[in-house]
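**Student:** Sharing work.cif, mmCIF, C-alpha atoms and all ligand atoms:
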```
data_final
loop_
_atom_site.label_atom_id
_atom_site.label_comp_id
_atom_site.auth_asym_id
_atom_site.auth_seq_id
_atom_site.Cartn_x
_atom_site.Cartn_y
_atom_site.Cartn_z
CA MET A 901 28.85 -22.08 -11.78
CA SER A 902 25.11 -22.42 -11.28
CA SER A 903 22.77 -22.98 -14.23
CA SER A 904 21.51 -19.44 -13.88
CA GLU A 905 25.03 -18.19 -14.65
CA ASN A 906 25.71 -20.60 -17.52
CA PRO A 907 25.81 -18.56 -20.77
CA GLN A 908 24.99 -21.72 -22.77
CA CYS A 909 21.72 -22.17 -20.95
CA GLY A 910 18.82 -20.24 -22.50
CA HIS A 911 16.79 -20.38 -19.32
CA GLY A 912 19.68 -19.02 -17.29
CA ARG A 913 20.17 -16.17 -19.76
CA GLN A 914 16.46 -15.28 -19.65
CA GLN A 915 16.53 -15.32 -15.86
CA GLY A 916 19.58 -13.07 -15.87
CA GLU A 917 17.89 -10.61 -18.23
CA ASP A 918 14.75 -10.59 -16.07
CA ASN A 919 16.77 -9.91 -12.94
CA ALA A 920 18.69 -7.12 -14.68
CA ARG A 921 15.41 -5.62 -15.82
CA ILE A 922 13.98 -5.76 -12.27
CA ARG A 923 17.11 -4.06 -10.90
CA GLU A 924 16.88 -1.36 -13.56
CA GLN A 925 13.21 -0.74 -12.80
CA LEU A 926 13.79 -0.63 -9.03
CA GLY A 927 16.66 1.79 -9.54
CA ARG A 928 14.12 4.30 -10.87
CA ILE A 929 11.94 4.09 -7.76
CA GLY A 930 12.82 6.09 -4.65
CA HIS A 931 11.00 4.40 -1.78
CA LYS A 932 9.16 1.10 -1.81
CA LEU A 933 6.57 0.59 0.90
CA LEU A 934 4.87 -2.73 1.58
CA VAL A 935 1.58 -2.29 3.42
CA MET A 936 0.91 -5.45 5.39
CA SER A 937 -1.03 -6.85 8.33
CA GLY A 938 -1.63 -10.13 10.12
CA LYS A 939 -5.40 -9.89 9.65
CA GLY A 940 -7.83 -9.27 6.82
CA GLY A 941 -10.32 -6.43 6.99
CA VAL A 942 -8.16 -4.13 9.12
CA GLY A 943 -8.02 -1.60 6.29
CA LYS A 944 -4.73 -2.46 4.56
CA SER A 945 -6.00 -1.66 1.09
CA SER A 946 -7.65 1.53 2.34
CA VAL A 947 -4.43 2.61 4.05
CA ALA A 948 -2.41 1.77 0.91
CA ALA A 949 -4.82 3.67 -1.35
CA TYR A 950 -5.08 6.74 0.93
CA LEU A 951 -1.33 6.82 1.49
CA ALA A 952 -0.71 6.69 -2.27
CA LEU A 953 -3.30 9.40 -2.94
CA SER A 954 -1.91 11.58 -0.19
CA LEU A 955 1.70 11.17 -1.34
CA ALA A 956 0.63 12.12 -4.88
CA LYS A 957 -1.23 15.12 -3.52
CA LEU A 958 2.05 16.24 -1.97
CA GLY A 959 3.58 16.35 -5.44
CA ASN A 960 5.25 12.94 -5.47
CA ARG A 961 5.14 10.55 -8.42
CA VAL A 962 3.53 7.45 -6.98
CA GLY A 963 2.90 3.90 -8.12
CA LEU A 964 0.27 1.78 -6.36
CA LEU A 965 0.74 -1.94 -6.86
CA ASP A 966 -1.96 -4.35 -5.69
CA VAL A 967 -0.44 -7.79 -5.11
CA ASP A 968 -3.48 -9.15 -3.28
CA LEU A 969 -3.93 -11.62 -6.12
CA HIS A 970 -6.92 -13.41 -4.57
CA GLY A 971 -8.79 -10.39 -3.26
CA PRO A 972 -7.76 -7.28 -5.19
CA SER A 973 -9.72 -4.25 -4.01
CA ILE A 974 -7.68 -1.23 -5.05
CA PRO A 975 -9.35 -0.68 -8.48
CA ARG A 976 -12.83 -0.69 -6.93
CA MET A 977 -11.78 1.70 -4.16
CA LEU A 978 -10.36 4.13 -6.70
CA GLY A 979 -13.17 3.66 -9.23
CA LEU A 980 -10.83 2.27 -11.89
CA GLU A 981 -12.33 0.03 -14.53
CA GLY A 982 -11.29 -1.94 -17.56
CA VAL A 983 -8.21 -3.89 -18.53
CA PHE A 984 -5.01 -1.94 -18.91
CA GLY A 985 -3.13 -1.32 -22.11
CA PHE A 986 0.20 -2.49 -23.46
CA THR A 987 3.02 -0.65 -25.20
CA PRO A 988 4.13 -1.86 -28.68
CA GLU A 989 6.94 -3.70 -26.80
CA LYS A 990 4.22 -5.58 -24.86
CA ARG A 991 4.89 -3.82 -21.59
CA MET A 992 1.95 -3.12 -19.28
CA LEU A 993 0.70 0.42 -18.94
CA PRO A 994 -0.64 1.14 -15.45
CA HIS A 995 -3.95 2.89 -14.98
CA ALA A 996 -3.38 6.62 -14.62
CA TYR A 997 -5.60 7.60 -11.67
CA SER A 998 -4.03 11.03 -12.05
CA ASP A 999 -0.85 12.46 -13.57
CA ARG A 1000 1.03 11.53 -10.43
CA LEU A 1001 -0.66 8.28 -9.38
CA HIS A 1002 -0.42 5.14 -11.49
CA VAL A 1003 -2.04 1.87 -10.47
CA ILE A 1004 -1.53 -1.80 -11.29
CA SER A 1005 -3.72 -4.59 -10.00
CA ILE A 1006 -4.27 -8.18 -11.08
CA GLU A 1007 -7.93 -7.28 -11.41
CA CYS A 1008 -7.15 -5.15 -14.45
CA LEU A 1009 -5.83 -8.24 -16.23
CA LEU A 1010 -9.05 -10.20 -15.70
CA GLU A 1011 -11.84 -9.98 -18.25
CA ASP A 1012 -14.39 -10.49 -15.49
CA ARG A 1013 -13.88 -8.84 -12.07
CA ASP A 1014 -15.50 -11.75 -10.25
CA THR A 1015 -13.13 -14.37 -11.63
CA ALA A 1016 -11.45 -16.35 -8.86
CA VAL A 1017 -7.68 -16.53 -9.26
CA ILE A 1018 -6.37 -20.00 -8.42
CA TRP A 1019 -2.58 -19.96 -8.47
CA ARG A 1020 0.12 -21.67 -6.54
CA GLY A 1021 3.16 -19.97 -5.04
CA PRO A 1022 5.61 -20.11 -7.98
CA VAL A 1023 3.02 -18.71 -10.43
CA LYS A 1024 2.20 -15.89 -8.04
CA HIS A 1025 5.89 -15.13 -7.66
CA GLY A 1026 6.23 -14.90 -11.46
CA VAL A 1027 3.27 -12.52 -11.70
CA ILE A 1028 4.63 -10.29 -8.92
CA GLN A 1029 8.03 -10.17 -10.63
CA GLN A 1030 6.34 -9.15 -13.88
CA PHE A 1031 4.46 -6.40 -12.07
CA ILE A 1032 7.86 -4.90 -11.35
CA SER A 1033 9.80 -5.82 -14.49
CA ASP A 1034 7.18 -5.51 -17.25
CA VAL A 1035 5.24 -2.42 -16.21
CA GLU A 1036 5.97 1.06 -17.54
CA TRP A 1037 6.31 2.60 -14.08
CA GLY A 1038 8.77 5.28 -15.18
CA ASP A 1039 10.52 7.30 -12.46
CA LEU A 1040 8.69 7.15 -9.14
CA ASP A 1041 9.27 8.78 -5.76
CA PHE A 1042 7.21 6.09 -4.02
CA LEU A 1043 5.85 2.65 -4.87
CA VAL A 1044 3.11 1.64 -2.43
CA ILE A 1045 2.39 -2.11 -2.44
CA ASP A 1046 -0.85 -3.53 -1.06
CA SER A 1047 -0.58 -7.17 0.02
CA PRO A 1048 -3.02 -9.81 1.27
CA PRO A 1049 -3.19 -10.47 5.02
CA GLY A 1050 -0.61 -12.65 6.69
CA THR A 1051 2.90 -13.69 5.89
CA GLY A 1052 2.33 -15.98 2.90
CA ASP A 1053 3.58 -16.13 -0.69
CA GLU A 1054 2.89 -12.54 -1.71
CA PRO A 1055 4.82 -10.62 0.97
CA LEU A 1056 7.63 -13.15 0.63
CA SER A 1057 7.77 -12.58 -3.14
CA ILE A 1058 7.94 -8.86 -2.55
CA VAL A 1059 10.81 -9.28 -0.09
CA GLN A 1060 12.68 -11.37 -2.69
CA THR A 1061 11.88 -9.13 -5.65
CA VAL A 1062 12.14 -5.75 -3.92
CA PRO A 1063 14.89 -6.23 -1.34
CA ASP A 1064 14.81 -2.64 -0.10
CA ALA A 1065 11.04 -2.55 0.51
CA LYS A 1066 10.05 -1.24 3.94
CA ALA A 1067 7.00 -2.46 5.82
CA VAL A 1068 4.10 -0.29 6.90
CA ILE A 1069 2.13 -2.52 9.27
CA VAL A 1070 -1.59 -1.87 9.74
CA THR A 1071 -3.53 -2.89 12.82
CA THR A 1072 -6.81 -2.18 14.57
CA PRO A 1073 -6.78 -1.34 18.28
CA GLN A 1074 -8.13 -4.58 19.81
CA GLU A 1075 -5.81 -7.15 21.37
CA ILE A 1076 -6.87 -9.92 18.95
CA ALA A 1077 -5.55 -7.90 15.99
CA LEU A 1078 -2.43 -6.87 17.86
CA ALA A 1079 -1.44 -10.51 18.42
CA ASP A 1080 -1.26 -10.90 14.63
CA VAL A 1081 0.74 -7.71 14.30
CA ARG A 1082 3.47 -9.22 16.42
CA LYS A 1083 3.64 -12.08 13.88
CA SER A 1084 4.01 -9.56 11.02
CA ILE A 1085 6.79 -7.78 12.88
CA ASN A 1086 8.56 -11.06 13.54
CA PHE A 1087 8.19 -11.99 9.86
CA CYS A 1088 9.95 -8.73 8.92
CA LYS A 1089 12.74 -9.47 11.37
CA GLN A 1090 13.16 -12.98 9.99
CA VAL A 1091 13.39 -11.87 6.35
CA ARG A 1092 15.36 -8.74 7.32
CA MET A 1093 12.84 -6.29 5.95
CA GLU A 1094 13.00 -2.88 7.57
CA VAL A 1095 9.79 -1.92 9.39
CA LEU A 1096 9.00 1.72 8.70
CA GLY A 1097 6.34 1.65 11.39
CA LEU A 1098 2.87 0.72 12.59
CA VAL A 1099 -0.40 2.54 11.93
CA GLU A 1100 -3.57 2.00 13.96
CA ASN A 1101 -6.68 2.03 11.77
CA MET A 1102 -10.31 2.20 12.92
CA SER A 1103 -9.04 3.94 16.01
CA GLY A 1104 -12.12 5.58 17.48
CA PHE A 1105 -15.46 6.02 15.71
CA ILE A 1106 -16.25 9.40 14.21
CA CYS A 1107 -19.96 10.23 14.21
CA PRO A 1108 -20.77 11.50 10.74
CA HIS A 1109 -23.43 13.82 12.21
CA CYS A 1110 -21.47 15.67 14.88
CA ASN A 1111 -17.86 14.48 14.24
CA THR A 1112 -17.58 13.35 17.90
CA GLU A 1113 -15.17 10.46 18.50
CA THR A 1114 -16.10 7.29 20.46
CA PRO A 1115 -13.49 4.55 21.20
CA LEU A 1116 -15.45 1.78 19.42
CA LEU A 1117 -12.74 -0.91 19.21
CA GLY A 1118 -10.58 0.72 21.86
CA LYS A 1119 -7.73 3.07 21.23
CA GLY A 1120 -3.99 3.21 21.81
CA GLY A 1121 -3.19 -0.51 21.44
CA GLY A 1122 -1.17 0.22 18.29
CA ALA A 1123 1.07 2.77 19.98
CA ARG A 1124 1.55 0.42 22.94
CA THR A 1125 2.46 -2.55 20.73
CA ALA A 1126 4.83 -0.44 18.63
CA ASN A 1127 6.52 0.66 21.81
CA GLN A 1128 6.78 -2.89 23.16
CA MET A 1129 8.13 -4.25 19.88
CA GLY A 1130 10.59 -1.42 19.42
CA ILE A 1131 9.12 -0.05 16.19
CA HIS A 1132 7.97 3.40 15.22
CA PHE A 1133 4.32 4.43 15.61
CA LEU A 1134 3.12 6.20 12.46
CA GLY A 1135 -0.21 7.44 13.82
CA SER A 1136 -3.84 6.46 13.94
CA LEU A 1137 -6.77 6.80 11.57
CA PRO A 1138 -10.29 6.96 12.99
CA PHE A 1139 -13.21 4.82 11.83
CA ASP A 1140 -15.43 6.97 9.66
CA PRO A 1141 -18.52 5.40 8.02
CA ARG A 1142 -18.07 7.86 5.14
CA MET A 1143 -14.89 5.97 4.27
CA VAL A 1144 -16.85 2.74 3.76
CA LEU A 1145 -19.32 4.49 1.45
CA ALA A 1146 -16.47 6.21 -0.39
CA GLY A 1147 -14.69 2.85 -0.86
CA ASP A 1148 -17.83 1.19 -2.20
CA ALA A 1149 -18.51 4.10 -4.53
CA GLY A 1150 -14.92 4.20 -5.83
CA LYS A 1151 -14.63 7.83 -4.78
CA PRO A 1152 -11.98 8.21 -2.08
CA LEU A 1153 -12.64 10.84 0.58
CA LEU A 1154 -9.44 12.75 -0.09
CA GLU A 1155 -10.85 13.68 -3.45
CA ASN A 1156 -14.09 14.75 -1.85
CA PRO A 1157 -13.21 16.56 1.35
CA ASP A 1158 -16.33 16.97 3.44
CA GLY A 1159 -14.80 17.84 6.75
CA SER A 1160 -14.14 14.27 7.91
CA PRO A 1161 -11.32 14.15 10.52
CA ILE A 1162 -9.97 11.15 8.66
CA ILE A 1163 -8.57 13.48 6.02
CA SER A 1164 -6.30 15.32 8.45
CA ALA A 1165 -5.39 12.00 10.11
CA VAL A 1166 -4.29 10.60 6.74
CA GLU A 1167 -2.26 13.76 6.10
CA ARG A 1168 -0.48 13.45 9.47
CA PHE A 1169 0.22 9.76 8.84
CA THR A 1170 1.58 10.55 5.37
CA THR A 1171 3.85 13.27 6.73
CA GLU A 1172 5.17 10.77 9.26
CA VAL A 1173 5.83 8.20 6.50
CA VAL A 1174 7.64 10.78 4.36
CA THR A 1175 9.73 11.91 7.31
CA ARG A 1176 10.59 8.34 8.29
CA CYS A 1177 11.72 7.71 4.70
CA GLY A 1178 14.20 10.54 5.23
CA LYS A 1179 12.76 12.42 2.32
CA ALA A 1180 12.95 16.19 2.29
CA PRO A 1181 9.40 17.50 2.52
CA GLY A 1182 8.33 18.45 -1.02
CA PRO A 1183 7.19 21.98 -1.80
CA SER A 1184 3.59 20.89 -1.55
CA LEU A 1185 4.05 19.97 2.14
CA LYS A 1186 3.06 23.60 2.56
CA MET A 1187 -0.45 22.29 2.01
CA PHE A 1188 -0.37 20.99 5.59
CA SER A 1189 0.44 24.35 7.10
CA SER A 1190 -2.21 26.32 5.23
CA CYS A 1191 -5.14 26.30 7.64
CA PRO A 1192 -8.33 27.78 6.20
CA GLY A 1193 -9.27 28.88 9.74
CA CYS A 1194 -6.25 30.95 10.65
CA ALA A 1195 -4.69 31.25 7.15
CA SER A 1196 -1.21 30.51 8.55
N1 LIG B 1 -10.71 4.07 8.87
C1 LIG B 1 -11.77 3.48 8.33
N2 LIG B 1 -13.01 3.96 8.58
C2 LIG B 1 -14.08 3.35 8.05
N3 LIG B 1 -14.05 2.29 7.25
C3 LIG B 1 -12.84 1.78 6.95
C4 LIG B 1 -11.64 2.34 7.47
N4 LIG B 1 -10.60 1.61 6.97
C5 LIG B 1 -11.14 0.65 6.20
N5 LIG B 1 -12.47 0.73 6.19
C6 LIG B 1 -13.44 -0.14 5.49
O1 LIG B 1 -13.25 -1.48 5.98
C7 LIG B 1 -13.42 -2.41 4.94
C8 LIG B 1 -12.17 -3.27 4.83
O2 LIG B 1 -11.09 -2.42 4.44
P1 LIG B 1 -9.93 -2.90 3.48
O3 LIG B 1 -9.05 -1.73 3.25
O4 LIG B 1 -10.47 -3.60 2.27
O5 LIG B 1 -9.19 -3.95 4.44
P2 LIG B 1 -8.09 -5.08 4.12
O6 LIG B 1 -7.38 -4.68 2.87
O7 LIG B 1 -7.20 -5.09 5.31
O8 LIG B 1 -8.83 -6.37 3.96
C9 LIG B 1 -13.75 -1.61 3.69
O9 LIG B 1 -15.13 -1.56 3.53
C10 LIG B 1 -13.20 -0.22 3.99
O10 LIG B 1 -13.92 0.82 3.33
MG MG B 2 -7.10 -5.68 1.04
ZN ZN B 3 -22.86 12.47 16.66
#
```
Would you write out, as structure tokens, the structure that this file holds?

**Tutor:**
Amino acid sequence: MSSSENPQCGHGRQQGEDNARIREQLGRIGHKLLVMSGKGGVGKSSVAAYLALSLAKLGNRVGLLDVDLHGPSIPRMLGLEGVFGFTPEKRMLPHAYSDRLHVISIECLLEDRDTAVIWRGPVKHGVIQQFISDVEWGDLDFLVIDSPPGTGDEPLSIVQTVPDAKAVIVTTPQEIALADVRKSINFCKQVRMEVLGLVENMSGFICPHCNTETPLLGKGGGARTANQMGIHFLGSLPFDPRMVLAGDAGKPLLENPDGSPIISAVERFTTEVVTRCGKAPGPSLKMFSSCPGCAS
């Protein structure tokens, strides 16, 4: 019998209770999606935030968990401020971005946003476990998890804590980014995490003046790599400078539709994710078929 199973051992008992709590929490969450990439700056956090917003817009109850402990950016992108609250039982209350989208990020535990977090692997693992076990997530259709670049402590902790998480891998079209994607895919194979698919971000530049698309960083590398590696291609999102401004202002474009093609691209990508999860399209999927032009 290992120490973790020994009823005499207080530490073992605590560990057992924590694990039971994690299982109970995960049992209330439909699909868990880990957004990951080999490189920084490819738009992982943006993809995670827009996917979560879009899923919520479809009528799903969504949790967005930011486990990029050293470079959290989700609260800024969504314009969320302040530390989050606790229940009388000392459980964390996520930020309610809306009725259907609740957000947890390490940044909301820091008094000062610019504090540098210096933690080693085991501490990070403990924090990530607590973000599952000690947060009032309630019943969720989707939990979207934003992770730091690469295949380090954080994605590994997620794999260990959330064994049925599926990976959504983000890349940009150029070959240098695609080389890192292959590493992410191989990581998933090694730890036996299902890959839901690959999305190509910054795929073509959309001119904010005339909405014309130019292949700035190239185009199509994501689909090609997905094909070569035998994984599903979830779609591409164009580069739109309005998205940068929206991220800096904490006002995501989906909330402020101004005709950017990125909005319909995010919707197509989200539909693909939902379909790949084997989820029946919710009633609000109708939103996608109501075209203001032809009213169909
Ligand atoms: N499709 C896009 N079009 C324009 N800007 C984007 C797009 N995706 C991401 N960005 C911008 O690129 C920067 C890095 O994105 P971010 O999501 O923080 O990347 P990562 O999490 O991979 O480091 C941010 O300023 C963000 O607004
Ligand atoms: Mg990020
Ligand atoms: Zn133009």

**Student:** Around ligand MG 2 (chain B), out to 8 Å and counting all atoms listed in the file, which residues are there? I want them as a PyMOL selection string.

**Tutor:** chain A and resi 940-941+943-946+968+971-974+1046-1049

**Student:** Let me see the file: selected residues, C-alpha atoms, as a compact mmCIF listing (two decimals), in the frame of the given file.

**Tutor:**
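So selection_29.txt came out as:
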```txt
# COMPACT_ATOMS: atom_id res chain seq x y z
CA GLY A 940 -7.83 -9.27 6.82
CA GLY A 941 -10.32 -6.43 6.99
CA GLY A 943 -8.02 -1.60 6.29
CA LYS A 944 -4.73 -2.46 4.56
CA SER A 945 -6.00 -1.66 1.09
CA SER A 946 -7.65 1.53 2.34
CA ASP A 968 -3.48 -9.15 -3.28
CA GLY A 971 -8.79 -10.39 -3.26
CA PRO A 972 -7.76 -7.28 -5.19
CA SER A 973 -9.72 -4.25 -4.01
CA ILE A 974 -7.68 -1.23 -5.05
CA ASP A 1046 -0.85 -3.53 -1.06
CA SER A 1047 -0.58 -7.17 0.02
CA PRO A 1048 -3.02 -9.81 1.27
CA PRO A 1049 -3.19 -10.47 5.02
```

**Student:** Here is a test: counting all atoms listed in the file, which residue of A:Ile1032, A:Met1093, A:Leu1134, A:Leu1116 is nearest to ligand LIG 1 (chain B)?

**Tutor:**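 Result for the nearest residue to ligand LIG 1 (chain B): A:Leu1116.
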
**Student:** For a test of reading the model, state the distance in Å between atom C10 of ligand LIG 1 (chain B) and CA of Gly1104 (chain A), rounded to one decimal.

**Tutor:**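 These two atoms are separated by 14.7 Å.
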
**Student:** At a cut-off of 12 Å, can you tabulate as a tab-separated table every residue of chain A near ligand ZN 3 (chain B) together with its closest atom pair and the distance in Å to one decimal, using only C-alpha atoms and all ligand atoms and ordering rows by chain then number?

**Tutor:**
```
residue	atom	partner	partner_atom	distance
A:Phe1105	CA	B:ZN3	ZN	9.9
A:Ile1106	CA	B:ZN3	ZN	7.7
A:Cys1107	CA	B:ZN3	ZN	4.4
A:Pro1108	CA	B:ZN3	ZN	6.4
A:His1109	CA	B:ZN3	ZN	4.7
A:Cys1110	CA	B:ZN3	ZN	3.9
A:Asn1111	CA	B:ZN3	ZN	5.9
A:Thr1112	CA	B:ZN3	ZN	5.5
A:Glu1113	CA	B:ZN3	ZN	8.2
A:Thr1114	CA	B:ZN3	ZN	9.3
A:Asp1140	CA	B:ZN3	ZN	11.6
A:Pro1141	CA	B:ZN3	ZN	12.0
```

**Student:** List every protein, DNA or RNA residue that has at least one atom no more than 6 Å from (5.6, -15.8, -2.5) in the file's coordinates, counting all atoms listed in the file, and write the result as a VMD selection string.

**Tutor:** chain A and resid 1021 1025 1053 to 1054 1056 to 1057

**Student:** Given only C-alpha atoms as the basis, pick out the residue of A:Cys1088, A:Leu934, A:Leu1137, A:Leu1043 nearest to Arg1168 (chain A).

**Tutor:**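 Looking at the shortest contact to Arg1168 (chain A), the residue is A:Leu1137.
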
**Student:** Figure out the distance between CA of Val967 (chain A) and CA of Ile1006 (chain A), please, to one decimal in Å.

**Tutor:**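 Answer for the CA of Ile1006 (chain A) to CA of Val967 (chain A) separation: 7.1 Å.
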
**Student:** Select, from A:Lys939, A:Arg928, A:His1132, A:Arg1092, the residue with the minimum atom-to-atom distance to ligand LIG 1 (chain B), counting all atoms listed in the file.

**Tutor:**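 Using all atoms listed in the file, ligand LIG 1 (chain B) sits closest to A:Lys939.
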
**Student:** Go through A:His970, A:Arg921, A:Lys1024, A:Lys1083 and flag the residue nearest ligand LIG 1 (chain B), using all atoms listed in the file for the distances.

**Tutor:**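 Among A:His970, A:Arg921, A:Lys1024, A:Lys1083, it is A:His970 that comes nearest to ligand LIG 1 (chain B).
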
**Student:** Mind pulling up the distance from CA of Leu965 (chain A) to CA of Lys990 (chain A)?

**Tutor:**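 The value is 18.7 Å.
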
**Student:** From (6.3, 3.5, -14.9), in the file's coordinates, out to 9 Å: which residues are reached, counting only C-alpha atoms? Answer as a list in words.

**Tutor:**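 Returned residue set, sorted by chain then number, is Gln925, Arg928, Gly963, Leu993, Pro994, His1002, Val1035, Glu1036, Trp1037, Gly1038, Asp1039 and Leu1040 of chain A.
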
**Student:** Set the distance at 12 Å and use all atoms listed in the file: which residues neighbour Thr1051 (chain A) once local chain neighbours fewer than 6 positions away are removed? I'd like the list as a PDB file with C-alpha atoms, in the coordinates of the input.

**Tutor:**
```pdb
ATOM      1  CA  LEU A 934       4.870  -2.730   1.580  1.00  0.00           C
ATOM      2  CA  VAL A 935       1.580  -2.290   3.420  1.00  0.00           C
ATOM      3  CA  MET A 936       0.910  -5.450   5.390  1.00  0.00           C
ATOM      4  CA  SER A 937      -1.030  -6.850   8.330  1.00  0.00           C
ATOM      5  CA  GLY A 938      -1.630 -10.130  10.120  1.00  0.00           C
ATOM      6  CA  LYS A 939      -5.400  -9.890   9.650  1.00  0.00           C
ATOM      7  CA  GLY A 940      -7.830  -9.270   6.820  1.00  0.00           C
ATOM      8  CA  SER A1057       7.770 -12.580  -3.140  1.00  0.00           C
ATOM      9  CA  ILE A1058       7.940  -8.860  -2.550  1.00  0.00           C
ATOM     10  CA  VAL A1059      10.810  -9.280  -0.090  1.00  0.00           C
ATOM     11  CA  ALA A1067       7.000  -2.460   5.820  1.00  0.00           C
ATOM     12  CA  ILE A1069       2.130  -2.520   9.270  1.00  0.00           C
ATOM     13  CA  ASP A1080      -1.260 -10.900  14.630  1.00  0.00           C
ATOM     14  CA  VAL A1081       0.740  -7.710  14.300  1.00  0.00           C
ATOM     15  CA  ARG A1082       3.470  -9.220  16.420  1.00  0.00           C
ATOM     16  CA  LYS A1083       3.640 -12.080  13.880  1.00  0.00           C
ATOM     17  CA  SER A1084       4.010  -9.560  11.020  1.00  0.00           C
ATOM     18  CA  ILE A1085       6.790  -7.780  12.880  1.00  0.00           C
ATOM     19  CA  ASN A1086       8.560 -11.060  13.540  1.00  0.00           C
ATOM     20  CA  PHE A1087       8.190 -11.990   9.860  1.00  0.00           C
ATOM     21  CA  CYS A1088       9.950  -8.730   8.920  1.00  0.00           C
ATOM     22  CA  GLN A1090      13.160 -12.980   9.990  1.00  0.00           C
ATOM     23  CA  VAL A1091      13.390 -11.870   6.350  1.00  0.00           C
TER      24      VAL A1091
END
```

**Student:** Just the residues within 10 Å of region 980-989 of chain A, please, counting all atoms listed in the file, with nothing from its chain fewer than 2 positions along; format it as number ranges by chain.

**Tutor:** A: 974-978, 991-997, 1003-1013, 1034-1036, 1150-1151

**Student:** For ligand LIG 1 (chain B), which residue among A:Ile1163, A:Val1023, A:Ala1146, A:Ala1123 is the nearest when counting all atoms listed in the file?

**Tutor:**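 Between A:Ile1163, A:Val1023, A:Ala1146, A:Ala1123, the residue approaching ligand LIG 1 (chain B) most closely is A:Ala1146.
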
**Student:** Which is closest to ligand LIG 1 (chain B) among A:Asp999, A:Asp1148, A:Asp966, A:Glu1094, if we use only C-alpha atoms and all ligand atoms?

**Tutor:** A:Asp1148

**Student:** Can you tell me which residues surround Ala920 (chain A) at a distance of at most 12 Å, considering all atoms listed in the file, apart from same-chain residues fewer than 6 positions away, and format the answer as a short mmCIF file (atom, residue, chain, number, x, y, z; two decimals) with C-alpha atoms, in the coordinates of the input?

**Tutor:**
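Wrote it out as out_26.cif, contents follow:
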```cif
data_model
loop_
_atom_site.label_atom_id
_atom_site.label_comp_id
_atom_site.auth_asym_id
_atom_site.auth_seq_id
_atom_site.Cartn_x
_atom_site.Cartn_y
_atom_site.Cartn_z
CA ARG A 913 20.17 -16.17 -19.76
CA GLN A 914 16.46 -15.28 -19.65
CA LEU A 926 13.79 -0.63 -9.03
CA GLY A 927 16.66 1.79 -9.54
CA GLN A 1029 8.03 -10.17 -10.63
CA ILE A 1032 7.86 -4.90 -11.35
CA SER A 1033 9.80 -5.82 -14.49
CA ASP A 1034 7.18 -5.51 -17.25
CA THR A 1061 11.88 -9.13 -5.65
#
```

**Student:** Which polymer residues have any atom within 12 Å of an atom of Cys1177 (chain A), counting all atoms listed in the file, with same-chain residues fewer than 6 positions away left out, as a list in words?

**Tutor:** Gly930, His931, Lys932, Leu933, Asp1041, Phe1042, Asp1064, Ala1065, Lys1066, Ala1067, Val1068, Glu1094, Val1095, Leu1096, Gly1097, His1132, Leu1134, Thr1170 and Thr1171 of chain A
